[in-house]
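Here's query.tsv, which has TSV, C-alpha atoms:
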chain	number	residue	atom	x	y	z
A	2	MET	CA	-15.49	3.47	-1.43
A	3	ASP	CA	-16.23	-0.13	-0.45
A	4	VAL	CA	-15.33	-1.44	3.01
A	5	ILE	CA	-14.72	-5.21	3.11
A	6	ALA	CA	-13.92	-7.29	6.19
A	7	LEU	CA	-11.01	-9.67	5.50
A	8	LEU	CA	-10.22	-10.74	9.06
A	9	PRO	CA	-11.67	-9.72	12.44
A	10	ARG	CA	-8.87	-7.14	12.72
A	11	LEU	CA	-8.42	-6.26	9.04
A	12	HIS	CA	-10.58	-4.34	6.56
A	13	LEU	CA	-10.02	-3.56	2.90
A	14	LEU	CA	-10.95	-0.04	1.72
A	15	ARG	CA	-11.50	-0.17	-2.04
A	16	PHE	CA	-11.49	2.94	-4.24
A	17	PRO	CA	-12.21	3.24	-7.98
A	18	VAL	CA	-8.44	3.03	-8.41
A	19	GLY	CA	-6.39	1.26	-5.74
A	20	GLN	CA	-7.11	0.29	-2.19
A	21	ALA	CA	-6.00	0.76	1.40
A	22	TYR	CA	-6.14	-1.43	4.48
A	23	LEU	CA	-7.22	-0.77	8.05
A	24	TRP	CA	-5.67	-2.87	10.84
A	25	ARG	CA	-7.04	-2.88	14.39
A	26	ASP	CA	-5.18	-3.47	17.68
A	27	GLY	CA	-7.87	-3.14	20.35
A	28	GLY	CA	-9.03	0.47	20.06
A	29	GLU	CA	-6.01	1.58	18.01
A	30	LEU	CA	-6.05	1.65	14.20
A	31	THR	CA	-3.32	1.65	11.58
A	32	LEU	CA	-3.99	2.58	7.96
A	33	ILE	CA	-1.82	1.13	5.20
A	34	ASP	CA	-1.98	3.61	2.29
A	35	ALA	CA	-4.60	6.35	2.07
A	36	GLY	CA	-6.33	6.28	-1.30
A	37	PRO	CA	-6.55	9.05	-3.89
A	38	ILE	CA	-7.06	12.79	-3.48
A	39	GLY	CA	-10.12	13.51	-1.36
A	40	ALA	CA	-10.25	10.07	0.26
A	41	GLY	CA	-9.56	11.36	3.77
A	42	ARG	CA	-13.19	12.13	4.60
A	43	ALA	CA	-14.44	8.81	3.20
A	44	ILE	CA	-11.87	6.92	5.28
A	45	ALA	CA	-12.82	8.85	8.41
A	46	ASP	CA	-16.49	8.05	7.78
A	47	ALA	CA	-15.64	4.36	7.33
A	48	VAL	CA	-13.73	4.38	10.61
A	49	THR	CA	-16.77	5.86	12.33
A	50	ALA	CA	-19.09	3.30	10.74
A	51	LEU	CA	-16.86	0.55	12.14
A	52	GLY	CA	-17.43	1.88	15.66
A	53	HIS	CA	-14.28	3.94	16.10
A	54	ALA	CA	-13.43	7.62	16.23
A	55	PRO	CA	-11.18	9.05	13.49
A	56	GLY	CA	-8.68	9.86	16.24
A	57	ASP	CA	-8.23	6.11	16.78
A	58	VAL	CA	-6.16	6.09	13.58
A	59	ARG	CA	-2.70	6.45	15.11
A	60	ARG	CA	-0.52	5.99	12.04
A	61	ILE	CA	-0.73	5.98	8.23
A	62	VAL	CA	1.95	3.84	6.60
A	63	LEU	CA	2.51	4.71	2.94
A	64	THR	CA	3.94	1.96	0.75
A	65	HIS	CA	5.04	4.47	-1.91
A	66	PHE	CA	4.41	7.98	-3.20
A	67	HIS	CA	1.94	7.45	-6.06
A	68	GLU	CA	-1.20	9.57	-5.83
A	69	ASP	CA	-3.64	6.67	-5.56
A	70	HIS	CA	-1.87	5.68	-2.33
A	71	VAL	CA	-0.99	9.01	-0.70
A	72	GLY	CA	-3.76	11.30	-1.95
A	73	GLY	CA	-5.84	11.12	1.23
A	74	ALA	CA	-2.96	10.99	3.72
A	75	GLY	CA	-2.58	14.68	4.46
A	76	GLU	CA	-6.32	15.23	4.70
A	77	LEU	CA	-6.88	12.30	7.05
A	78	ALA	CA	-3.82	13.06	9.18
A	79	GLY	CA	-5.07	16.62	9.57
A	80	MET	CA	-8.40	15.32	10.86
A	81	CYS	CA	-7.16	12.64	13.24
A	82	GLY	CA	-3.58	13.62	14.13
A	83	ALA	CA	-2.14	10.35	12.82
A	84	GLU	CA	1.57	9.96	12.21
A	85	VAL	CA	2.42	9.51	8.53
A	86	LEU	CA	5.29	7.16	7.67
A	87	ALA	CA	7.17	6.58	4.41
A	88	HIS	CA	10.58	5.39	3.22
A	89	PRO	CA	13.30	8.10	3.04
A	90	LEU	CA	13.58	7.76	-0.75
A	91	ASP	CA	9.87	8.46	-1.30
A	92	ALA	CA	9.32	10.86	1.62
A	93	PRO	CA	10.27	14.05	-0.33
A	94	PHE	CA	7.53	13.28	-2.87
A	95	VAL	CA	4.98	12.55	-0.13
A	96	ARG	CA	5.86	15.88	1.48
A	97	GLY	CA	5.34	17.66	-1.84
A	98	GLN	CA	8.92	18.93	-1.87
A	99	LEU	CA	9.68	17.39	-5.26
A	100	PRO	CA	7.74	15.78	-8.11
A	101	GLY	CA	8.17	12.03	-8.15
A	102	PRO	CA	9.74	10.33	-11.16
A	103	PRO	CA	7.25	8.80	-13.62
A	104	PRO	CA	7.15	5.05	-14.28
A	105	LYS	CA	9.02	3.55	-17.22
A	106	PHE	CA	6.05	2.05	-19.01
A	107	GLU	CA	6.01	-1.10	-21.06
A	108	ASP	CA	4.08	-0.45	-24.29
A	109	TRP	CA	1.23	-2.71	-23.20
A	110	GLU	CA	0.90	-0.78	-19.93
A	111	LEU	CA	0.15	2.58	-21.56
A	112	PRO	CA	-3.58	2.04	-22.26
A	113	LEU	CA	-4.06	0.50	-18.82
A	114	HIS	CA	-2.46	3.52	-17.16
A	115	ALA	CA	-4.51	5.94	-19.26
A	116	ALA	CA	-7.73	4.18	-18.25
A	117	ALA	CA	-6.78	4.27	-14.57
A	118	ALA	CA	-5.78	7.94	-14.75
A	119	GLU	CA	-9.23	8.85	-16.05
A	120	GLN	CA	-10.76	7.53	-12.82
A	121	LEU	CA	-8.50	9.49	-10.47
A	122	PRO	CA	-9.66	12.83	-9.05
A	123	GLU	CA	-7.96	15.90	-10.44
A	124	GLY	CA	-5.84	18.14	-8.30
A	125	THR	CA	-2.79	18.01	-6.09
A	126	PRO	CA	-2.73	16.05	-2.82
A	127	VAL	CA	-2.60	18.00	0.42
A	128	PRO	CA	0.79	16.96	1.80
A	129	PRO	CA	0.98	15.76	5.40
A	130	ALA	CA	2.27	18.29	7.89
A	131	ALA	CA	5.05	15.87	8.79
A	132	VAL	CA	6.37	12.55	7.49
A	133	THR	CA	8.32	10.10	9.63
A	134	GLU	CA	10.91	8.19	7.64
A	135	VAL	CA	11.12	4.43	8.11
A	136	ALA	CA	13.76	2.21	6.52
A	137	ASP	CA	14.29	-1.47	5.92
A	138	GLY	CA	14.26	-3.51	9.11
A	139	ALA	CA	12.27	-1.04	11.19
A	140	VAL	CA	9.66	-2.61	13.46
A	141	LEU	CA	6.50	-0.56	13.90
A	142	ASP	CA	4.31	-0.70	16.99
A	143	PHE	CA	1.24	-2.44	15.63
A	144	GLY	CA	0.16	-5.96	14.78
A	145	GLY	CA	2.48	-7.46	17.36
A	146	GLY	CA	5.51	-5.88	15.68
A	147	ALA	CA	5.21	-4.83	12.04
A	148	ARG	CA	8.39	-5.38	10.05
A	149	VAL	CA	9.24	-2.88	7.31
A	150	LEU	CA	10.84	-4.26	4.14
A	151	HIS	CA	12.38	-2.00	1.52
A	152	VAL	CA	11.18	-3.38	-1.83
A	153	PRO	CA	12.44	-0.99	-4.53
A	154	GLY	CA	11.38	-1.30	-8.13
A	155	HIS	CA	7.86	0.08	-8.35
A	156	THR	CA	9.40	3.23	-6.88
A	157	ASP	CA	12.82	3.64	-5.33
A	158	GLY	CA	11.30	3.98	-1.88
A	159	SER	CA	8.59	1.33	-2.03
A	160	ILE	CA	8.08	-0.62	1.17
A	161	ALA	CA	6.09	-3.65	2.26
A	162	VAL	CA	4.95	-4.33	5.81
A	163	PHE	CA	4.82	-7.84	7.30
A	164	LEU	CA	3.13	-8.89	10.53
A	165	PRO	CA	4.92	-12.16	11.43
A	166	GLU	CA	2.64	-12.83	14.40
A	167	HIS	CA	-0.40	-12.88	12.10
A	168	GLY	CA	1.13	-13.90	8.77
A	169	VAL	CA	-0.25	-10.75	7.13
A	170	LEU	CA	1.69	-9.02	4.36
A	171	PHE	CA	0.93	-5.56	2.96
A	172	ALA	CA	2.77	-5.62	-0.36
A	173	GLY	CA	1.86	-2.24	-1.83
A	174	ASP	CA	2.26	-2.27	-5.62
A	175	THR	CA	5.21	-4.66	-5.73
A	176	VAL	CA	2.59	-7.38	-6.24
A	177	ALA	CA	-0.93	-7.29	-7.68
A	178	ALA	CA	-3.79	-9.65	-8.45
A	179	SER	CA	-5.25	-9.93	-11.93
A	180	PRO	CA	-8.74	-8.43	-12.22
A	181	VAL	CA	-9.60	-11.24	-14.63
A	182	ASP	CA	-8.89	-14.36	-12.59
A	183	GLY	CA	-7.17	-13.22	-9.38
A	184	THR	CA	-3.79	-14.64	-10.36
A	185	VAL	CA	-1.02	-13.05	-8.32
A	186	VAL	CA	1.42	-11.20	-10.60
A	187	PRO	CA	4.28	-8.70	-10.39
A	188	GLY	CA	3.15	-5.10	-10.09
A	189	VAL	CA	2.91	-2.79	-13.11
A	190	PHE	CA	3.78	0.85	-13.89
A	191	ASN	CA	7.26	0.46	-12.41
A	192	LEU	CA	10.32	2.65	-12.25
A	193	ASP	CA	12.61	-0.41	-12.53
A	194	ARG	CA	10.92	-3.72	-13.35
A	195	PRO	CA	14.03	-5.94	-12.95
A	196	ARG	CA	14.55	-4.48	-9.49
A	197	LEU	CA	10.88	-5.04	-8.68
A	198	LEU	CA	11.24	-8.72	-9.55
A	199	VAL	CA	14.13	-9.02	-7.10
A	200	SER	CA	11.95	-7.38	-4.44
A	201	LEU	CA	9.08	-9.74	-5.24
A	202	GLY	CA	11.46	-12.63	-4.67
A	203	ARG	CA	12.15	-11.30	-1.21
A	204	LEU	CA	8.44	-11.16	-0.39
A	205	ALA	CA	8.01	-14.70	-1.71
A	206	GLU	CA	10.34	-15.94	1.03
A	207	LEU	CA	8.00	-14.77	3.79
A	208	ALA	CA	5.60	-17.08	5.60
A	209	ALA	CA	2.60	-15.04	4.48
A	210	ASP	CA	-0.87	-16.45	5.05
A	211	VAL	CA	-2.66	-13.26	3.94
A	212	ALA	CA	-1.28	-11.02	1.18
A	213	CYS	CA	-2.77	-7.56	0.65
A	214	PHE	CA	-2.09	-5.70	-2.59
A	215	GLY	CA	-2.56	-2.14	-3.76
A	216	HIS	CA	-4.56	-3.44	-6.72
A	217	GLY	CA	-6.57	-6.64	-7.00
A	218	ASP	CA	-8.18	-9.00	-4.54
A	219	PRO	CA	-6.09	-9.99	-1.52
A	220	VAL	CA	-5.17	-13.61	-0.95
A	221	VAL	CA	-6.73	-14.62	2.36
A	222	GLY	CA	-5.25	-17.96	3.41
A	223	ASN	CA	-2.12	-19.79	2.20
A	224	ALA	CA	-0.75	-16.74	0.35
A	225	ALA	CA	2.92	-17.81	0.30
A	226	PRO	CA	2.57	-20.31	-2.60
A	227	ALA	CA	0.84	-17.65	-4.73
A	228	LEU	CA	3.68	-15.21	-4.04
A	229	ARG	CA	6.28	-17.84	-4.90
A	230	ALA	CA	4.48	-18.59	-8.15
A	231	ALA	CA	4.41	-14.88	-9.05
A	232	ALA	CA	8.14	-14.70	-8.34
A	233	GLY	CA	8.79	-17.73	-10.54
A	234	ALA	CA	9.90	-19.86	-7.60
A	235	ASP	CA	7.32	-22.61	-8.23
How does the structure come out when it is put into structure tokens?
Amino acid sequence: MDVIALLPRLHLLRFPVGQAYLWRDGGELTLIDAGPIGAGRAIADAVTALGHAPGDVRRIVLTHFHEDHVGGAGELAGMCGAEVLAHPLDAPFVRGQLPGPPPKFEDWELPLHAAAAEQLPEGTPVPPAAVTEVADGAVLDFGGGARVLHVPGHTDGSIAVFLPEHGVLFAGDTVAASPVDGTVVPGVFNLDRPRLLVSLGRLAELAADVACFGHGDPVVGNAAPALRAAAGAD
């Protein structure tokens, strides 16, 4: 796992597949997504290397239920006592109560998904002991007031989190950046692509200066035009 400083209060945690983000408010940490199965220990070690205790992670906000985002959540929460949060429509899958519905792949996505799947650890995620459900419009107690946006399409319960005070957007997999040239594009491997495009349009209306994606390099500085271009608004 690579740990990359994006802002004084924001670090990117990059895994072989997918990535998570660590936000700092003084001595309190918030994790956005939690990497694949087995990532909990690596995240805890990264927190320690950054000068914090694992117990400083107070909450883990999950943008959706896919295993490359929730795999480490139960493990890390068990270590540090963090609250785990997810949208009500994805929470049953995060809890392990039900299997989540598979994406409806475009033909061109199938080889990409197969290649990514080969890099994911085998096994079943350890579900968190408890999951707090958060819906559209909720304001979470970090980053000066973190606004939850329901952005269905990638999954039914996908969420994004926006910090208006800092202009920082955590978009989950509703948006991605191309590994070839960094172009911001709609996310792939979706349950409902037309619905995802509507959700992307909602994110494009935000005054985002920094946009953090589940896959691909974040846009650090003047992110809103890139989001509008991805949504077809430019």
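For segment 150-164 of chain A, the list of residues within 6 Å, based on only C-alpha atoms and with local chain neighbours fewer than 2 positions off taken out, reads Thr64, His65, His88, Leu90, Asp91, Asp137, Gly144, Ala147, Arg148, Glu166, His167, Gly168, Val169, Leu170, Phe171, Ala172, Asn191, Leu192, Asp193, Arg194, Arg196, Leu197 and Ser200 of chain A.
Comparing A:Leu63, A:Cys81, A:Ala92, A:Ala231 by their smallest distance to Val48 of chain A, the closest is A:Cys81 (using only C-alpha atoms).
When atom CA of Val71 of chain A is paired with atom CA of Phe94 of chain A, their separation reads 9.8 Å.
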Measuring between all atoms listed in the file, which one of A:Ile38, A:Leu30, A:Val185, A:Val199 shows the shortest distance to Pro219 of chain A?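 Of the candidates, the smallest distance to Pro219 of chain A is held by A:Val185.
Nearest to Pro126 of chain A of all the residues A:Val149, A:Pro112, A:Ala47, A:Ala40 is A:Ala40, based on all atoms listed in the file.
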Atom-to-atom span, atom CA of Pro128 of chain A and atom CA of Met80 of chain A, Å: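 These atoms are spaced 13.0 Å apart.
Proximity ranking of A:Pro195, A:Pro93, A:Gly27, A:Gly183 relative to Lys105 of chain A places A:Pro195 first, based on only C-alpha atoms.
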Please tell me which residues are no farther than 6 Å from (1.0, -15.8, 0.5) in the file, counting all atoms listed in the file, and write them as a PDB file with C-alpha atoms, keeping the file's coordinate frame.
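Saved file result33.pdb follows:
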ATOM      1  CA  ALA A 209       2.600 -15.040   4.480  1.00  0.00           C
ATOM      2  CA  ASP A 210      -0.870 -16.450   5.050  1.00  0.00           C
ATOM      3  CA  VAL A 211      -2.660 -13.260   3.940  1.00  0.00           C
ATOM      4  CA  ALA A 212      -1.280 -11.020   1.180  1.00  0.00           C
ATOM      5  CA  ASN A 223      -2.120 -19.790   2.200  1.00  0.00           C
ATOM      6  CA  ALA A 224      -0.750 -16.740   0.350  1.00  0.00           C
ATOM      7  CA  ALA A 225       2.920 -17.810   0.300  1.00  0.00           C
ATOM      8  CA  PRO A 226       2.570 -20.310  -2.600  1.00  0.00           C
ATOM      9  CA  ALA A 227       0.840 -17.650  -4.730  1.00  0.00           C
ATOM     10  CA  LEU A 228       3.680 -15.210  -4.040  1.00  0.00           C
TER      11      LEU A 228
END
| Which residues come within 10 Å of segment 12-22 of chain A, counting only C-alpha atoms, excluding same-chain residues fewer than 4 positions away, as a ChimeraX atom specification? | /A:2-8,31-37,40,43-44,47,51,61-63,68-71,116-122,171,173-174,213-219
